[in-house]
Structures are given as C-alpha cells and as structure tokens.
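> Quick one: this structure, given as structure tokens, is what I'll be asking you about.
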Amino acid sequence: PGPDSPAQAAAERARAVLEERLADPPSLEQLAVELGTSPFALLRAFRERYGMPPHTWLTDARVRRARSLLDAGAAPAEAAVTVGFTDQPHLNRHFTRIVGVPPGAYRRGHSPG
C-alpha cells in the first residue's frame, strides 16, 4: 500500500491517538474499533508504517516523554506515572534498555541548571 492508502492513514491516526493518550492508551482492539478497522489490519499497517507494532511504539514514546520530563527536572517516579508506566521499576527497565542508563543516572547527568 502506498503512503496515502487507507491502511497507512489508519496507522497514522492510531499513532496520533496513542500519542494523545500516552498515559491511558486504548488496547489494540479498542483502537481498531475507534478507527473502523480490524486489529490484525491495524497491526499490519502500523508495523509497515513505523517498523514496529503499536505496543513497542507506545513504550518508546513513553520513554521519550519521560526523558523530556527528566530533562525538565521531574523525579523518575513522577515521570513514570505521568507517561503511563505502572511504577518507577517499570520505567527503569524500559528506559535503561532504550536510553542505556537508568532514569536516575540520566537525570543526574542532565539536570537543569
């Protein structure tokens, strides 16, 4: 499908919904219903468009948002809850995997002022 196909449009709308509702995202099934498609078709289109399934994209987006909150001086526990992780250890695991250092160490190395 080309960049303007209905499947690609659904993938882009799905990404926008996930970004808007980062802390409380819909399930794949709920998202598919909202967008008027099937979960399988949405998953396939999303993967084609973004190179990863929605859940992986969501985790990466949460880590990116947490990183910007830490840059602004937020505590790791506060950042974790704000972006939708269940708790700080959940953030720590994903943040460390994606960024390469735990959130606390990242914050100490990037604290404002």
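Letters A, B, ... mark the chains of the structure tokens in the order given; residue numbers begin at 1 per chain; ligand numbers begin at 1, in order shown.
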Quick one: residues within 12 Å of A:Arg49, only C-alpha atoms counted, chain neighbours fewer than 4 positions away excluded, as a ChimeraX atom specification?

/A:1-15,42-45,53-54,57

> Selected residues, C-alpha atoms, written as a PDB file, in the first residue's frame, please.


ATOM      1  CA  PRO A   1       0.000   0.000   0.000  1.00  0.00           C
ATOM      2  CA  GLY A   2       1.174   3.492  -0.828  1.00  0.00           C
ATOM      3  CA  PRO A   3       1.589   6.320   1.666  1.00  0.00           C
ATOM      4  CA  ASP A   4      -1.960   7.542   1.055  1.00  0.00           C
ATOM      5  CA  SER A   5      -3.672   4.159   1.376  1.00  0.00           C
ATOM      6  CA  PRO A   6      -6.489   3.734   3.910  1.00  0.00           C
ATOM      7  CA  ALA A   7      -4.283   1.317   5.868  1.00  0.00           C
ATOM      8  CA  GLN A   8      -1.488   3.874   6.149  1.00  0.00           C
ATOM      9  CA  ALA A   9      -3.974   6.574   7.136  1.00  0.00           C
ATOM     10  CA  ALA A  10      -5.303   4.274   9.880  1.00  0.00           C
ATOM     11  CA  ALA A  11      -1.736   3.648  11.105  1.00  0.00           C
ATOM     12  CA  GLU A  12      -1.081   7.391  11.280  1.00  0.00           C
ATOM     13  CA  ARG A  13      -4.364   8.043  13.097  1.00  0.00           C
ATOM     14  CA  ALA A  14      -3.547   5.203  15.502  1.00  0.00           C
ATOM     15  CA  ARG A  15      -0.155   6.776  16.271  1.00  0.00           C
ATOM     16  CA  LEU A  42      -4.221  -2.144  12.053  1.00  0.00           C
ATOM     17  CA  LEU A  43      -1.285  -4.110  13.452  1.00  0.00           C
ATOM     18  CA  ARG A  44      -0.033  -4.931   9.947  1.00  0.00           C
ATOM     19  CA  ALA A  45      -0.431  -1.336   8.703  1.00  0.00           C
ATOM     20  CA  PRO A  53       3.924  -2.880  16.461  1.00  0.00           C
ATOM     21  CA  PRO A  54       1.860  -0.243  18.316  1.00  0.00           C
ATOM     22  CA  TRP A  57       5.980   2.262  19.585  1.00  0.00           C
TER      23      TRP A  57
END

> Give me, as a ChimeraX atom specification, all polymer residues having an atom no more than 10 Å from stretch 93-97 of chain A, counting only C-alpha atoms and skipping those fewer than 2 positions away in the same chain.

/A:59-60,62-64,66-67,80,85,88-91,99-103,105-106

> At a cut-off of 9 Å, can you tabulate as CSV every residue of stretch 37-97 of chain A near stretch 25-33 of chain A together with its closest atom pair and the distance in Å to one decimal, using only C-alpha atoms and ordering rows by chain then number?


residue,atom,partner,partner_atom,distance
A:Thr37,CA,A:Ala32,CA,5.0
A:Ser38,CA,A:Ala32,CA,5.4
A:Pro39,CA,A:Ala32,CA,5.2
A:Phe40,CA,A:Ala32,CA,8.6
A:Ala41,CA,A:Ala32,CA,8.4
A:Leu42,CA,A:Ala32,CA,6.4
A:Leu43,CA,A:Leu28,CA,7.8
A:Pro54,CA,A:Leu28,CA,7.7
A:His55,CA,A:Leu28,CA,8.3
A:Leu58,CA,A:Pro25,CA,8.5
A:Gly84,CA,A:Pro25,CA,8.5

> Please dump the current selection as a short mmCIF file (atom, residue, chain, number, x, y, z; two decimals), in the first residue's frame; keep N, CA and C atoms.


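Result went into part.cif, see below:
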data_model
loop_
_atom_site.label_atom_id
_atom_site.label_comp_id
_atom_site.auth_asym_id
_atom_site.auth_seq_id
_atom_site.Cartn_x
_atom_site.Cartn_y
_atom_site.Cartn_z
N THR A 37 -11.43 -0.40 11.75
CA THR A 37 -10.67 -1.43 11.06
C THR A 37 -10.56 -2.65 11.98
N SER A 38 -9.89 -3.69 11.53
CA SER A 38 -9.69 -4.87 12.38
C SER A 38 -8.35 -4.75 13.09
N PRO A 39 -8.23 -5.39 14.25
CA PRO A 39 -6.94 -5.36 14.96
C PRO A 39 -5.79 -5.88 14.08
N PHE A 40 -6.03 -6.96 13.34
CA PHE A 40 -4.98 -7.52 12.50
C PHE A 40 -4.55 -6.53 11.42
N ALA A 41 -5.52 -5.92 10.75
CA ALA A 41 -5.19 -4.96 9.69
C ALA A 41 -4.45 -3.75 10.26
N LEU A 42 -4.88 -3.29 11.43
CA LEU A 42 -4.22 -2.14 12.05
C LEU A 42 -2.79 -2.50 12.45
N LEU A 43 -2.62 -3.66 13.05
CA LEU A 43 -1.28 -4.11 13.45
C LEU A 43 -0.36 -4.19 12.24
N PRO A 54 2.29 -1.38 17.48
CA PRO A 54 1.86 -0.24 18.32
C PRO A 54 2.36 -0.30 19.75
N HIS A 55 2.37 -1.47 20.36
CA HIS A 55 2.80 -1.58 21.76
C HIS A 55 4.26 -1.17 21.92
N LEU A 58 4.51 2.56 21.51
CA LEU A 58 3.99 3.21 22.71
C LEU A 58 5.05 3.24 23.81
N GLY A 84 2.56 7.01 32.01
CA GLY A 84 1.72 5.81 31.95
C GLY A 84 2.38 4.50 32.31
#

> Quick one: of A:Glu34, A:Ile98, A:Gly104, A:Leu22, who's nearest to A:Pro76, counting only C-alpha atoms?

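Comparing A:Glu34, A:Ile98, A:Gly104, A:Leu22 against A:Pro76, the winner is A:Gly104.
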
> So the first atom is atom CA of A:Ala23 and the second is atom CA of A:Gly109; what is the distance between them in Å, to one decimal place?

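Between these atoms lies a distance of 25.7 Å.
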
> Just checking: using only C-alpha atoms, which residue out of A:Leu69, A:Met52, A:Gly36, A:Arg107 ends up closest to A:Val81?

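For A:Val81, the nearest of the candidates is A:Leu69.
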